[in-house]
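Encoded as C-alpha cells, the structure appears first; notes follow it.
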Amino acid sequence: MNQLKDLVGKNLRQYGIMLALVVIVITFAAITGGKLVQPNNVAALIGQNAYVLILALGMLLVIIAGHIDLSVGSGVALIGAIIGYQMSVWQVPWGWAVLTGLGVGLLIGAWQGFWVAFVKIPAFVVTLAGMLLFRGLDQVIAARTMASLPQGFVNISNGFLPRFFGALKNPFAGWLIPSGSVFARNLDGVTMAIGLFAVLGLGFQAWRNRSSQKEHGIPVPPLSLAIVRWVLLSIAILAVTFVLSMNTPGATPILRGTPILLILLGILILVYSFVTSRTVFGRHVYAVGGNRNAALLSGVNTRLTDFMIFVNMGFLTAVAAIVTTSRAGNASAQAGTGYELDAIASCFIGGTAVTGGIGRVSGAMIGALIMGVLNMGLSIARVNANWQMAIKGLVLLIAVTLDLVSKRRSKVA
Amino acid sequence: MKLKKLAAGAIGAVLALGLTACANENANSTATTTGSNPTSGAATTGAPAAAGGLVGISMPTTTLERWNNDGKNLVDKLKGMGYTTDLEYADNKPELQVSQLENMINADAKVLVIAAIDGTVLGPVLQTAADAGIKVIAYDRLINGTKNVDYYATFDNEKVGTLQGQFIETQLGLKDGKGPFNLEPFAGSPDDNNAKFFFKGAWDVLLPYVQSGKLVVPSGKSPASVDEWQNIGIQAWKTETAQAEMQNRLNSYYSGGAKVDVVLSPNDSLALGIEQALQGAGYQVGTDWPVITGQDGDLANVKNMLAGLQSMTVWKDTRELGDQAAKMVDQIMKGTTVDVNNNTYDNGVKVVPAYLLTPKVVTKDTVESLLVGSGFYKKDQLGL
C-alpha cells in the first residue's frame with residue numbers, strides 16, 4: 001500500500017506540470033466557448049510557438065549545466081537577417097541560405113562556447129555581450145525589412161505534408177458531433193496515421209524500458225499503472241491529432257493536412273530526449289551541472305562539455321531563426337526580441353532547476369506550451385494587451401509554485 | 001593572465017558596439033515625441049532682420065538614412081536663401097549633442113534647428129542659447145521641460161489616423177450607406193503615446209459606422225471609445241504579434257464562413273504581419289482580399305501594395321519637413337510672422353507653437369509618382 005502511495009506521489013510529481021497545462025487548456029476552452037481547441041487554432045498554436053519549443057531544447061541543456069544564454073533572441077534576428085539578405089538581395093537558392101544559416105549558428109555557438117568554456121568568462125556576461133553584439137550586427141544587415149522570400153522557404157513553417165491517404169470519414173460526425181460543426185469535418189489520413197504511429201511507438205518504448213529495467217534488477221512500477229499511463233497519453237495524443245487533422249485554410253472545408261513544422265518539431269524533440277537521457281554527452285551535461293568538481297574528478301571533460309552545449313545552442317538558434325523567418329515571410333531587425341526570456345521561462349516552468357543539474361525535455365516542452373496556450377487563450381478571450389501581460393505573469397508564478405510545493409511535500413513524506 | 005586581459009578588451013569593444021546599435025532603435029519612423037493639452041499661444045518673433053546669418057543644425061545620427069537626407073536638404077535650402085549653416089551629427093549621444101550646440105552658440109548662430117536625441121536633457125544649453133538671443137526650432141521631435149524652445153515643426157500624428165479612416169470610408173462607400181462590412185481594427189503599442197493619436201484619428205471617422213451597424217467587428221475587438229484603444233494594442237509594434245493576433249481572430253471568429261472586408265492597421269510593420277496571416281488563411285488577391293491600411297511606406301509594404309496585398313500607406317515626406325523648417329528659419333531671420341498652425345503641443349513648461357505637416361496617402365497608383373518621383377525609392381528597388 002505504501003509502495004503504491006509512493007508510486008502515485010512520484011508520478012503526480014512528474015506529471016504535475018502536465019496537469020497544469022491540461023487545466024489551463026480546459027479553462028480557456030471553456031472561457032472561449034470551445035474556440036481555443038478548434039482545428040485551425042490547434043494548427044496555429046504549433047506555428048506560433050515553434051520558436052520557443054526549439055530554443056527551449058537548447059536552453060534546457062544550457063541551464064542544466066548551470067549556465068544561461070541571453071543572446072538567443074538576438075542570434076535569431078542576426079541569422080534571420082543573414083538568411084533573408086542572401087535570398088532577397090543576392091537571390092541565392094533558399095536551400096543554400098538555410099545551410100549557411102545553420103553554419104552561422106554553429107559559429108555563433110562556438111564563439112560563445114570558447115569564451116565560456118576555455119576563457120572561463122561567466123555565461124551571463126558572454127551572452128549578454130552576445131545579445132548586444134548580434135542585435136547590432138542584425139540591425140546593420142536588416143536596416144530594411146526584407147520580404148517576398150521564396151515560396152519554398154516560406155513553406156517550411158507555412159506548408160503542409162502531401163495528403164497521401166486522402167480524407168477519412170469523421171466517425172463521430174452526425175451523432176456525437178452535430179454535422180455543421182468545425183469538429184465534424186473529414187479527417188486527414190496522414191495526420192491520423194502519424195498519431196497512431198506515435199501511440200504505438202510510445203507503447204513499444206515503454207515496454208522496452210520496462211524489460212531492460214527488469215533485466216538489470218531495477219524495481220518497476222506495477223504493469224497496471226504502466227498501462228493506465230500509456231492509455232491516458234494515447235487518448236491525449238489521439239485527441240490532438242483528431243482535431244489537428246481537420247485543420248483547413250480559413251472557413252473552407254478543404255483539409256490542409258499535417259503542418260511540416262510538426263514533423264520538424266517531433267524529430268527534434270525525439271532526438272533531444274534521446275541525447276539527454278541516453279548519450280554520454282547528455283549524462284555529462286547533467287553531471288557538470290549537478291556537481292562540476294565531482295564531474296571533473298570523475299574524468300568528465302567539463303570544458304568540452306561546456307563548449308558543445310553552446311555550439312548546440314547556436315545550432316538550435318539557427319533552426320529557430322529559419323522557422324521564424326519562414327513563418328513571418330520576412331526578415332526584420334526587430335525579429336526575435338524577447339525570445340531568450342521565453343525559452344528560459346519555458347525551462348523553469350517545466351521544472352528545470354535554477355541551480356542546474358535537473359531538468360527534462362518533456363517538462364520544457366510543456367512549459368513552452370503553457371505559455372503558448374495562455375497567449376492564444378487570452379487573445380481569443382479579448383483580454384486587453386496590458387492585462388494579458390499581468391495575467392501571464394501571475395499564472396506562471398502560480399503554476400511553478402504549485403509544482404514546487406507538491407515536489408517538496410512529497411519529498412518530506 | 002594575458003588571455004583574460006584580451007577577453008576583457010574584446011567584451012568592452014563588443015559592448016560598445018552593441019550599445020551604439022541599440023541607441024539607433026530610438027529613431028524609429030513611427031516614434032516621435034508628442035504632447036497634448038490645448039492652450040493658446042502667440043507666434044511672432046522680435047528677432048532683428050539680418051539676412052546671411054549662421055544657422056546651426058543639430059541632427060541625431062548619420063547611421064539612419066533619413067537624418068542624412070534631412071540634414072542635406074536643410075543645408076541646401078538654407079544656403080539657397082543666402083544663409084551659412086553648421087550641420088552636426090551627434091552619434092546618438094545626448095551629451096555630444098549638448099557640446100555641439102554649445103559650439104554653435106559660441107559661433108554666434110542666430111537660429112538653432114534641433115532634432116533632439118533626448119528631448120529632456122537640453123534645458124541648460126538652451127538657456128545659454130536664450131541668453132544669447134538665439135531662437136530654437138524643435139525639428140520632428142519635441143524638446144521637453146524648457147521654456148526656451150520657440151517653435152516646433154513636425155507631422156500631424158492624428159491626421160495619419162484620420163487619413164486611414166477616411167480611406168476606408170471612401171473605399172467601402174460607407175458614406176453612401178453601403179455595408180455592412182466586417183472590420184478588424186488594430187492599434188499600436190500600448191506604451192507609445194503616438195499610437196493613441198493614430199487610433200483616435202481613425203476611430204473618430206469609423207466609430208459612427210460601427211455604432212450604426214455599417215461596420216461589424218466579428219471578433220468583438222472593437223473599442224467602445226478612443227480611450228479604450230489599448231485593448232487592441234500590439235505590444236512594441238511587433239509584426240509577429242500582429243500576425244498571431246490576426247491568425248487567432250480569423251481562426252476563432254470567422255470559422256462560420258464570414259470574411260474580413262477591411263483591416264485598420266496603424267502602421268506598416270503591423271500590416272505586414274496581418275497580410276501574412278491572411279495569406280495563411282487562404283485569402284486571395286482579386287477575390288476576397290480585404291482593404292488594409294498602413295503607415296511609413298516601408299519597402300516591404302510598398303512591394304506588397306504593388307502586389308495588391310496592401311491598399312494604402314500613409315507616408316511622411318521628411319523633405320517637406322525640411323522645407324518647412326527652412327521657411328521658419330527664414331521668417332525668424334527676417335523678423336516676419338512665423339507660420340504656425342497648431343497650439344496644442346505642451347512640453348511640460350509651455351505650449352510650443354507648432355507647424356504640423358499633413359502626411360500623404362500613397363496607393364498602388366501613386367507609388368511611382370510620390371515615392372519614386374520624390375526619390376524616396378529607386379525604381380529598381382521596387383521592381384518597377
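All residue names refer to the C-alpha cells as shown: chains lettered A, B, ... in order, residues numbered from 1 in each chain, ligands numbered from 1 in order.
Near segment 116-131 of chain A, within a cut-off of 6 Å and counting only C-alpha atoms, sit the residues His67, Ile68, Asp69, Leu70, Ser71, Ser74, Arg303, Asp306 and Phe307 of chain A; Leu15 of chain B, with same-chain residues fewer than 6 positions away left out.
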Using only C-alpha atoms, tabulate the residues of chain A lying at most 8 Å from any atom of chain B, each with its closest atom pair and that distance in Å to one decimal, by chain and increasing residue number, as a tab-separated table.
residue	atom	partner	partner_atom	distance
A:Lys35	CA	B:Ser252	CA	5.4
A:Leu36	CA	B:Ser252	CA	7.3
A:Gln38	CA	B:Ser252	CA	7.6
A:Asn40	CA	B:Asn251	CA	5.7
A:Asn41	CA	B:Asn251	CA	5.8
A:Ala44	CA	B:Gln247	CA	7.3
A:Gln48	CA	B:Ala244	CA	6.5
A:Trp115	CA	B:Ala7	CA	7.9
A:Val119	CA	B:Lys4	CA	7.0
A:Val126	CA	B:Ile11	CA	7.7
A:Ala129	CA	B:Leu15	CA	5.8
A:Gly130	CA	B:Val14	CA	7.9
A:Met131	CA	B:Gly18	CA	7.9
A:Leu132	CA	B:Gly18	CA	4.1
A:Leu133	CA	B:Gly18	CA	4.7
A:Phe134	CA	B:Gly18	CA	7.6
A:Arg135	CA	B:Gly18	CA	6.9
A:Gly136	CA	B:Ala21	CA	4.6
A:Leu137	CA	B:Ala21	CA	7.9
A:Gln139	CA	B:Ala21	CA	7.1
A:Arg144	CA	B:Leu299	CA	7.1
A:Thr145	CA	B:Ala300	CA	6.2
A:Met146	CA	B:Ala300	CA	6.3
A:Ala147	CA	B:Ala300	CA	5.4
A:Ser148	CA	B:Ala300	CA	7.6
A:Asn158	CA	B:Gly280	CA	7.1
A:Val182	CA	B:Ser255	CA	7.5
A:Pro249	CA	B:Ala281	CA	4.6
A:Gly250	CA	B:Ala281	CA	4.5
A:Ala251	CA	B:Ser255	CA	4.6
A:Thr252	CA	B:Gly257	CA	7.1
A:Ala328	CA	B:Glu240	CA	6.6
A:Gly329	CA	B:Gln276	CA	7.1
A:Gln334	CA	B:Lys238	CA	7.4
A:Met376	CA	B:Asn248	CA	6.9
A:Ser379	CA	B:Glu245	CA	6.8
A:Ile380	CA	B:Asn248	CA	6.4
A:Arg382	CA	B:Lys221	CA	6.5
A:Val383	CA	B:Asn231	CA	7.0
A:Asn384	CA	B:Asn231	CA	4.1
A:Ala385	CA	B:Asn231	CA	5.8
A:Asn386	CA	B:Pro190	CA	7.4
Any chance you could export the current selection's C-alpha atoms as a PDB file, in the first residue's frame?
ATOM      1  CA  LYS A  35     -12.804  28.303 -29.813  1.00  0.00           C
ATOM      2  CA  LEU A  36      -9.348  27.645 -28.341  1.00  0.00           C
ATOM      3  CA  GLN A  38     -10.847  24.401 -32.823  1.00  0.00           C
ATOM      4  CA  ASN A  40      -7.315  25.851 -37.064  1.00  0.00           C
ATOM      5  CA  ASN A  41      -6.293  27.238 -33.684  1.00  0.00           C
ATOM      6  CA  ALA A  44      -1.829  27.858 -35.378  1.00  0.00           C
ATOM      7  CA  GLN A  48       3.073  30.476 -33.105  1.00  0.00           C
ATOM      8  CA  TRP A 115      34.664  32.330 -24.020  1.00  0.00           C
ATOM      9  CA  VAL A 119      38.411  31.560 -21.048  1.00  0.00           C
ATOM     10  CA  VAL A 126      29.418  36.323 -22.531  1.00  0.00           C
ATOM     11  CA  ALA A 129      27.692  40.720 -24.773  1.00  0.00           C
ATOM     12  CA  GLY A 130      26.381  38.410 -27.492  1.00  0.00           C
ATOM     13  CA  MET A 131      22.899  39.841 -27.094  1.00  0.00           C
ATOM     14  CA  LEU A 132      24.210  43.337 -27.872  1.00  0.00           C
ATOM     15  CA  LEU A 133      26.722  42.237 -30.498  1.00  0.00           C
ATOM     16  CA  PHE A 134      24.294  40.126 -32.522  1.00  0.00           C
ATOM     17  CA  ARG A 135      21.490  42.681 -32.300  1.00  0.00           C
ATOM     18  CA  GLY A 136      23.833  45.393 -33.515  1.00  0.00           C
ATOM     19  CA  LEU A 137      25.021  43.335 -36.475  1.00  0.00           C
ATOM     20  CA  GLN A 139      20.405  45.993 -37.431  1.00  0.00           C
ATOM     21  CA  ARG A 144      15.239  47.473 -44.133  1.00  0.00           C
ATOM     22  CA  THR A 145      12.746  44.663 -43.669  1.00  0.00           C
ATOM     23  CA  MET A 146      13.351  42.071 -46.374  1.00  0.00           C
ATOM     24  CA  ALA A 147      10.151  40.471 -47.637  1.00  0.00           C
ATOM     25  CA  SER A 148       8.987  38.454 -50.655  1.00  0.00           C
ATOM     26  CA  ASN A 158       3.561  27.575 -43.517  1.00  0.00           C
ATOM     27  CA  VAL A 182     -15.954  22.505 -37.356  1.00  0.00           C
ATOM     28  CA  PRO A 249      -7.425  27.290 -44.655  1.00  0.00           C
ATOM     29  CA  GLY A 250      -9.914  29.762 -43.153  1.00  0.00           C
ATOM     30  CA  ALA A 251     -13.544  28.742 -43.036  1.00  0.00           C
ATOM     31  CA  THR A 252     -13.356  26.424 -46.053  1.00  0.00           C
ATOM     32  CA  ALA A 328       6.867  35.708 -40.985  1.00  0.00           C
ATOM     33  CA  GLY A 329       7.750  35.574 -44.671  1.00  0.00           C
ATOM     34  CA  GLN A 334      13.107  43.609 -34.667  1.00  0.00           C
ATOM     35  CA  MET A 376      -3.667  32.404 -27.569  1.00  0.00           C
ATOM     36  CA  SER A 379      -6.128  36.874 -27.148  1.00  0.00           C
ATOM     37  CA  ILE A 380      -9.266  34.950 -28.141  1.00  0.00           C
ATOM     38  CA  ARG A 382     -10.393  39.573 -25.831  1.00  0.00           C
ATOM     39  CA  VAL A 383      -8.260  40.464 -22.835  1.00  0.00           C
ATOM     40  CA  ASN A 384      -6.577  43.877 -23.006  1.00  0.00           C
ATOM     41  CA  ALA A 385      -2.881  43.681 -24.013  1.00  0.00           C
ATOM     42  CA  ASN A 386      -1.761  45.248 -20.732  1.00  0.00           C
TER      43      ASN A 386
END
Residue nearest Ala56 of chain A among A:Ala236, A:Leu396, A:Val354, A:Ala364 (counting only C-alpha atoms):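 Of A:Ala236, A:Leu396, A:Val354, A:Ala364, the one nearest Ala56 of chain A is A:Ala364, counting only C-alpha atoms.
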Residue with smallest distance to Asp150 of chain B - pool B:Gln127, B:Gln310, B:Thr85, B:Gln171, counting only C-alpha atoms: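 Under the stated criterion, the closest residue is B:Gln127.
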Near-Asp138 of chain A list (10 Å; only C-alpha atoms; drop same-chain fewer than 4 positions) as a ChimeraX atom specification: /A:74-82,132-134,142-143,331-335 /B:21
9 Å contact set for Gly351 of chain A, only C-alpha atoms, chain neighbours under 5 positions out, as a ChimeraX atom specification: /A:17,346,358-360,363-364,367,400,403-404
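Across the structure, atom CA of Thr352 of chain A and atom CA of Gly266 of chain A are spaced 20.8 Å apart.
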Residue contacts of Val260 of chain B (10 Å, only C-alpha atoms) excluding same-chain residues fewer than 5 positions away, as a ChimeraX atom specification: /B:181-184,216-218,250,254,278,283,288-291
Export, as a CSV table (one decimal), in the first residue's frame, the selected residues with all heavy atoms.
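Result file follows (selection20.csv):
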chain,number,residue,atom,x,y,z
B,181,PHE,N,-20.0,45.8,-43.5
B,181,PHE,CA,-18.8,45.2,-43.8
B,181,PHE,C,-18.1,44.7,-42.5
B,181,PHE,O,-18.4,45.2,-41.4
B,181,PHE,CB,-17.8,46.2,-44.4
B,181,PHE,CG,-18.3,46.7,-45.7
B,181,PHE,CD1,-18.8,48.0,-45.8
B,181,PHE,CD2,-18.1,45.9,-46.9
B,181,PHE,CE1,-19.3,48.5,-47.0
B,181,PHE,CE2,-18.6,46.4,-48.1
B,181,PHE,CZ,-19.1,47.7,-48.2
B,182,ASN,N,-17.3,43.6,-42.6
B,182,ASN,CA,-16.6,43.1,-41.5
B,182,ASN,C,-15.3,43.8,-41.3
B,182,ASN,O,-14.4,43.7,-42.2
B,182,ASN,CB,-16.4,41.6,-41.6
B,182,ASN,CG,-17.7,40.8,-41.5
B,182,ASN,OD1,-18.6,41.3,-40.8
B,182,ASN,ND2,-17.7,39.7,-42.1
B,183,LEU,N,-15.1,44.5,-40.2
B,183,LEU,CA,-13.9,45.2,-39.9
B,183,LEU,C,-13.1,44.6,-38.8
B,183,LEU,O,-13.7,44.1,-37.8
B,183,LEU,CB,-14.2,46.6,-39.5
B,183,LEU,CG,-13.1,47.5,-38.8
B,183,LEU,CD1,-12.1,48.0,-39.8
B,183,LEU,CD2,-13.8,48.7,-38.0
B,184,GLU,N,-11.7,44.5,-38.9
B,184,GLU,CA,-10.9,44.1,-37.8
B,184,GLU,C,-9.9,45.3,-37.5
B,184,GLU,O,-9.0,45.5,-38.2
B,184,GLU,CB,-10.1,42.8,-38.1
B,184,GLU,CG,-11.0,41.6,-38.0
B,184,GLU,CD,-11.7,41.3,-36.7
B,184,GLU,OE1,-11.1,41.8,-35.7
B,184,GLU,OE2,-12.8,40.7,-36.7
B,216,VAL,N,-19.1,46.0,-38.9
B,216,VAL,CA,-19.3,45.0,-37.9
B,216,VAL,C,-17.9,44.4,-37.5
B,216,VAL,O,-17.1,44.2,-38.4
B,216,VAL,CB,-20.2,43.8,-38.4
B,216,VAL,CG1,-20.4,42.8,-37.3
B,216,VAL,CG2,-21.5,44.4,-38.9
B,217,VAL,N,-17.7,44.2,-36.2
B,217,VAL,CA,-16.4,43.6,-35.8
B,217,VAL,C,-16.7,42.2,-35.2
B,217,VAL,O,-17.0,42.1,-34.1
B,217,VAL,CB,-15.7,44.5,-34.8
B,217,VAL,CG1,-14.3,44.0,-34.4
B,217,VAL,CG2,-15.6,46.0,-35.3
B,218,PRO,N,-16.6,41.2,-36.1
B,218,PRO,CA,-16.9,39.9,-35.6
B,218,PRO,C,-16.1,39.4,-34.4
B,218,PRO,O,-16.6,38.6,-33.6
B,218,PRO,CB,-16.6,39.0,-36.9
B,218,PRO,CG,-16.8,39.9,-38.0
B,218,PRO,CD,-16.3,41.2,-37.5
B,250,LEU,N,-9.0,35.3,-37.0
B,250,LEU,CA,-9.6,34.5,-38.2
B,250,LEU,C,-10.0,33.1,-37.8
B,250,LEU,O,-11.1,32.7,-38.2
B,250,LEU,CB,-8.5,34.5,-39.3
B,250,LEU,CG,-8.2,35.8,-40.0
B,250,LEU,CD1,-7.0,35.6,-40.9
B,250,LEU,CD2,-9.4,36.3,-40.8
B,254,TYR,N,-14.1,33.6,-37.5
B,254,TYR,CA,-14.5,33.6,-38.9
B,254,TYR,C,-14.7,32.1,-39.4
B,254,TYR,O,-14.7,31.9,-40.6
B,254,TYR,CB,-13.5,34.3,-39.8
B,254,TYR,CG,-13.6,35.8,-39.6
B,254,TYR,CD1,-12.9,36.4,-38.5
B,254,TYR,CD2,-14.3,36.6,-40.4
B,254,TYR,CE1,-12.9,37.8,-38.3
B,254,TYR,CE2,-14.4,38.0,-40.2
B,254,TYR,CZ,-13.7,38.5,-39.2
B,254,TYR,OH,-13.7,39.9,-39.0
B,278,LEU,N,-3.4,36.6,-43.3
B,278,LEU,CA,-4.5,36.5,-44.3
B,278,LEU,C,-4.1,35.5,-45.4
B,278,LEU,O,-4.9,34.6,-45.8
B,278,LEU,CB,-4.8,37.8,-44.9
B,278,LEU,CG,-5.6,38.8,-44.0
B,278,LEU,CD1,-5.5,40.2,-44.6
B,278,LEU,CD2,-7.0,38.3,-43.9
B,283,TYR,N,-6.9,33.7,-48.0
B,283,TYR,CA,-7.4,34.9,-48.7
B,283,TYR,C,-6.6,35.1,-50.0
B,283,TYR,O,-5.4,34.9,-50.0
B,283,TYR,CB,-7.4,36.1,-47.8
B,283,TYR,CG,-8.5,36.2,-46.8
B,283,TYR,CD1,-8.4,35.4,-45.6
B,283,TYR,CD2,-9.6,36.9,-47.0
B,283,TYR,CE1,-9.4,35.5,-44.7
B,283,TYR,CE2,-10.6,37.0,-46.1
B,283,TYR,CZ,-10.5,36.2,-44.9
B,283,TYR,OH,-11.5,36.3,-44.0
B,288,ASP,N,-11.1,37.8,-52.5
B,288,ASP,CA,-11.6,38.2,-51.2
B,288,ASP,C,-10.7,38.9,-50.4
B,288,ASP,O,-10.8,39.0,-49.2
B,288,ASP,CB,-12.2,36.9,-50.5
B,288,ASP,CG,-11.1,35.8,-50.4
B,288,ASP,OD1,-10.0,36.1,-50.9
B,288,ASP,OD2,-11.4,34.7,-49.9
B,289,TRP,N,-9.6,39.4,-51.0
B,289,TRP,CA,-8.6,40.1,-50.2
B,289,TRP,C,-9.1,41.4,-49.6
B,289,TRP,O,-9.7,42.2,-50.3
B,289,TRP,CB,-7.3,40.4,-51.0
B,289,TRP,CG,-6.2,40.8,-50.2
B,289,TRP,CD1,-5.7,42.1,-49.9
B,289,TRP,CD2,-5.3,39.9,-49.5
B,289,TRP,NE1,-4.6,42.0,-49.1
B,289,TRP,CE2,-4.3,40.7,-48.8
B,289,TRP,CE3,-5.2,38.5,-49.5
B,289,TRP,CZ2,-3.3,40.1,-48.1
B,289,TRP,CZ3,-4.1,38.0,-48.7
B,289,TRP,CH2,-3.2,38.8,-48.0
B,290,PRO,N,-9.0,41.6,-48.3
B,290,PRO,CA,-9.6,42.8,-47.7
B,290,PRO,C,-8.8,44.1,-47.9
B,290,PRO,O,-7.7,44.1,-48.4
B,290,PRO,CB,-9.6,42.5,-46.2
B,290,PRO,CG,-8.5,41.5,-46.0
B,290,PRO,CD,-8.4,40.8,-47.3
B,291,VAL,N,-9.5,45.3,-47.6
B,291,VAL,CA,-8.8,46.6,-47.6
B,291,VAL,C,-7.9,46.6,-46.4
B,291,VAL,O,-8.3,46.3,-45.3
B,291,VAL,CB,-9.8,47.7,-47.6
B,291,VAL,CG1,-9.2,49.0,-47.4
B,291,VAL,CG2,-10.7,47.7,-48.9
Strand (DSSP E) call set, DSSP backbone run, segment 125-182 of chain B, as a list of chain:residue names: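 Matching residues, listed in order: B:Lys135, B:Val136, B:Ile137, B:Ala138, B:Tyr139, B:Tyr151, B:Tyr152, B:Ala153, B:Thr154, B:Phe155, B:Phe181, B:Asn182.
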Could you save the residues just selected, with N, CA and C atoms, as a compact mmCIF listing (two decimals), in the first residue's frame?
# COMPACT_ATOMS: atom_id res chain seq x y z
N LYS B 135 17.16 81.90 -31.35
CA LYS B 135 15.86 81.23 -31.45
C LYS B 135 16.04 79.75 -31.73
N VAL B 136 15.13 78.95 -31.21
CA VAL B 136 15.26 77.50 -31.33
C VAL B 136 14.03 76.87 -31.98
N ILE B 137 14.25 76.06 -32.99
CA ILE B 137 13.16 75.30 -33.61
C ILE B 137 13.36 73.82 -33.31
N ALA B 138 12.38 73.20 -32.68
CA ALA B 138 12.43 71.74 -32.46
C ALA B 138 11.99 71.08 -33.76
N TYR B 139 12.83 70.17 -34.23
CA TYR B 139 12.60 69.56 -35.54
C TYR B 139 12.18 68.11 -35.36
N TYR B 151 9.73 77.24 -31.53
CA TYR B 151 8.79 76.67 -32.50
C TYR B 151 9.01 75.17 -32.63
N TYR B 152 8.02 74.52 -33.20
CA TYR B 152 8.09 73.08 -33.38
C TYR B 152 7.56 72.74 -34.77
N ALA B 153 8.34 72.04 -35.55
CA ALA B 153 7.89 71.61 -36.88
C ALA B 153 7.82 70.08 -36.90
N THR B 154 6.65 69.54 -37.23
CA THR B 154 6.51 68.07 -37.21
C THR B 154 5.34 67.64 -38.08
N PHE B 155 5.11 66.34 -38.11
CA PHE B 155 3.95 65.81 -38.84
C PHE B 155 2.78 65.63 -37.90
N PHE B 181 -20.04 45.82 -43.47
CA PHE B 181 -18.76 45.19 -43.76
C PHE B 181 -18.13 44.67 -42.47
N ASN B 182 -17.31 43.62 -42.62
CA ASN B 182 -16.60 43.09 -41.46
C ASN B 182 -15.25 43.79 -41.31
Exercise: Phe198 of chain B partners within 10 Å, only C-alpha atoms, chain neighbours under 6 positions left out, as a PyMOL selection string: chain B and resi 30+156-165+187-188+265-267+295
Can you write just those residues out, N, CA and C atoms, as a compact mmCIF listing (two decimals), in the first residue's frame?
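again_16.txt written:
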# COMPACT_ATOMS: atom_id res chain seq x y z
N THR B 30 7.92 55.68 -36.69
CA THR B 30 6.64 55.95 -36.04
C THR B 30 6.83 56.39 -34.60
N ASP B 156 1.58 65.71 -38.44
CA ASP B 156 0.36 65.60 -37.65
C ASP B 156 0.01 64.13 -37.46
N ASN B 157 0.22 63.63 -36.24
CA ASN B 157 0.00 62.21 -35.98
C ASN B 157 -1.46 61.80 -36.01
N GLU B 158 -2.32 62.69 -35.51
CA GLU B 158 -3.73 62.34 -35.52
C GLU B 158 -4.24 62.26 -36.96
N LYS B 159 -3.66 63.13 -37.79
CA LYS B 159 -4.07 63.16 -39.20
C LYS B 159 -3.75 61.83 -39.89
N VAL B 160 -2.68 61.17 -39.44
CA VAL B 160 -2.33 59.86 -40.01
C VAL B 160 -3.53 58.93 -39.89
N GLY B 161 -4.10 58.89 -38.66
CA GLY B 161 -5.26 58.03 -38.42
C GLY B 161 -6.48 58.49 -39.21
N THR B 162 -6.67 59.82 -39.25
CA THR B 162 -7.81 60.35 -40.00
C THR B 162 -7.75 59.90 -41.45
N LEU B 163 -6.56 59.99 -42.05
CA LEU B 163 -6.40 59.59 -43.45
C LEU B 163 -6.72 58.10 -43.63
N GLN B 164 -6.28 57.29 -42.65
CA GLN B 164 -6.57 55.86 -42.74
C GLN B 164 -8.08 55.62 -42.65
N GLY B 165 -8.73 56.30 -41.70
CA GLY B 165 -10.17 56.14 -41.53
C GLY B 165 -10.94 56.60 -42.76
N ALA B 187 -4.44 48.50 -33.07
CA ALA B 187 -3.81 49.74 -32.62
C ALA B 187 -2.35 49.46 -32.31
N GLY B 188 -1.58 50.54 -32.17
CA GLY B 188 -0.14 50.40 -31.95
C GLY B 188 0.21 50.02 -30.52
N SER B 265 -5.04 48.93 -39.89
CA SER B 265 -3.71 48.71 -39.30
C SER B 265 -3.04 50.07 -39.18
N PRO B 266 -2.54 50.42 -37.97
CA PRO B 266 -1.98 51.77 -37.78
C PRO B 266 -0.67 52.00 -38.50
N ASN B 267 0.12 50.94 -38.75
CA ASN B 267 1.38 51.18 -39.46
C ASN B 267 1.77 49.96 -40.30
N GLN B 295 1.15 52.66 -42.61
CA GLN B 295 1.83 53.94 -42.43
C GLN B 295 3.34 53.73 -42.51
Separation of atom CA of Ala115 of chain B from atom CA of Met59 of chain B, in Å and rounded to one decimal: 5.2 Å
Long-range neighbours of Val23 of chain A as a list in words, 12 Å cut-off, only C-alpha atoms, 5 positions minimum in chain: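 So the residues in contact are Gly16, Ile17, Met18, Phe28, Ala29, Ala30, Ile370, Val373, Leu374, Val395 and Ala399 of chain A.
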Those same residues, written as a compact mmCIF listing (two decimals), in the first residue's frame with N, CA and C atoms?
# COMPACT_ATOMS: atom_id res chain seq x y z
N GLY A 16 2.78 16.75 -12.65
CA GLY A 16 2.10 17.93 -12.09
C GLY A 16 1.99 19.05 -13.10
N ILE A 17 3.07 19.33 -13.81
CA ILE A 17 3.06 20.47 -14.71
C ILE A 17 2.22 20.15 -15.94
N MET A 18 2.17 18.84 -16.31
CA MET A 18 1.32 18.44 -17.42
C MET A 18 -0.14 18.65 -17.05
N PHE A 28 -9.42 27.71 -20.59
CA PHE A 28 -9.56 28.65 -21.69
C PHE A 28 -10.51 28.13 -22.78
N ALA A 29 -10.57 26.81 -22.93
CA ALA A 29 -11.55 26.26 -23.88
C ALA A 29 -12.95 26.64 -23.40
N ALA A 30 -13.16 26.58 -22.08
CA ALA A 30 -14.47 26.93 -21.53
C ALA A 30 -14.74 28.42 -21.70
N ILE A 370 2.44 25.84 -22.22
CA ILE A 370 1.61 26.59 -21.27
C ILE A 370 1.61 28.06 -21.66
N VAL A 373 -0.42 28.52 -24.97
CA VAL A 373 -1.86 28.42 -24.78
C VAL A 373 -2.38 29.68 -24.08
N LEU A 374 -1.61 30.17 -23.10
CA LEU A 374 -2.01 31.41 -22.41
C LEU A 374 -2.10 32.57 -23.40
N VAL A 395 -0.08 33.72 -13.67
CA VAL A 395 -0.33 32.30 -13.92
C VAL A 395 0.98 31.51 -13.91
N ALA A 399 1.69 28.44 -11.44
CA ALA A 399 1.96 27.10 -11.97
C ALA A 399 3.25 26.53 -11.38
Distance criterion (only C-alpha atoms): nearest to Gly71 of chain B out of B:Pro353, B:Pro180, B:Gly322, B:Gly297: B:Gly322
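Closest approach to Phe165 of chain A from the set A:Thr191, A:Ser88, A:Gln205, A:Thr355 is made by A:Thr191, with distances taken over only C-alpha atoms.
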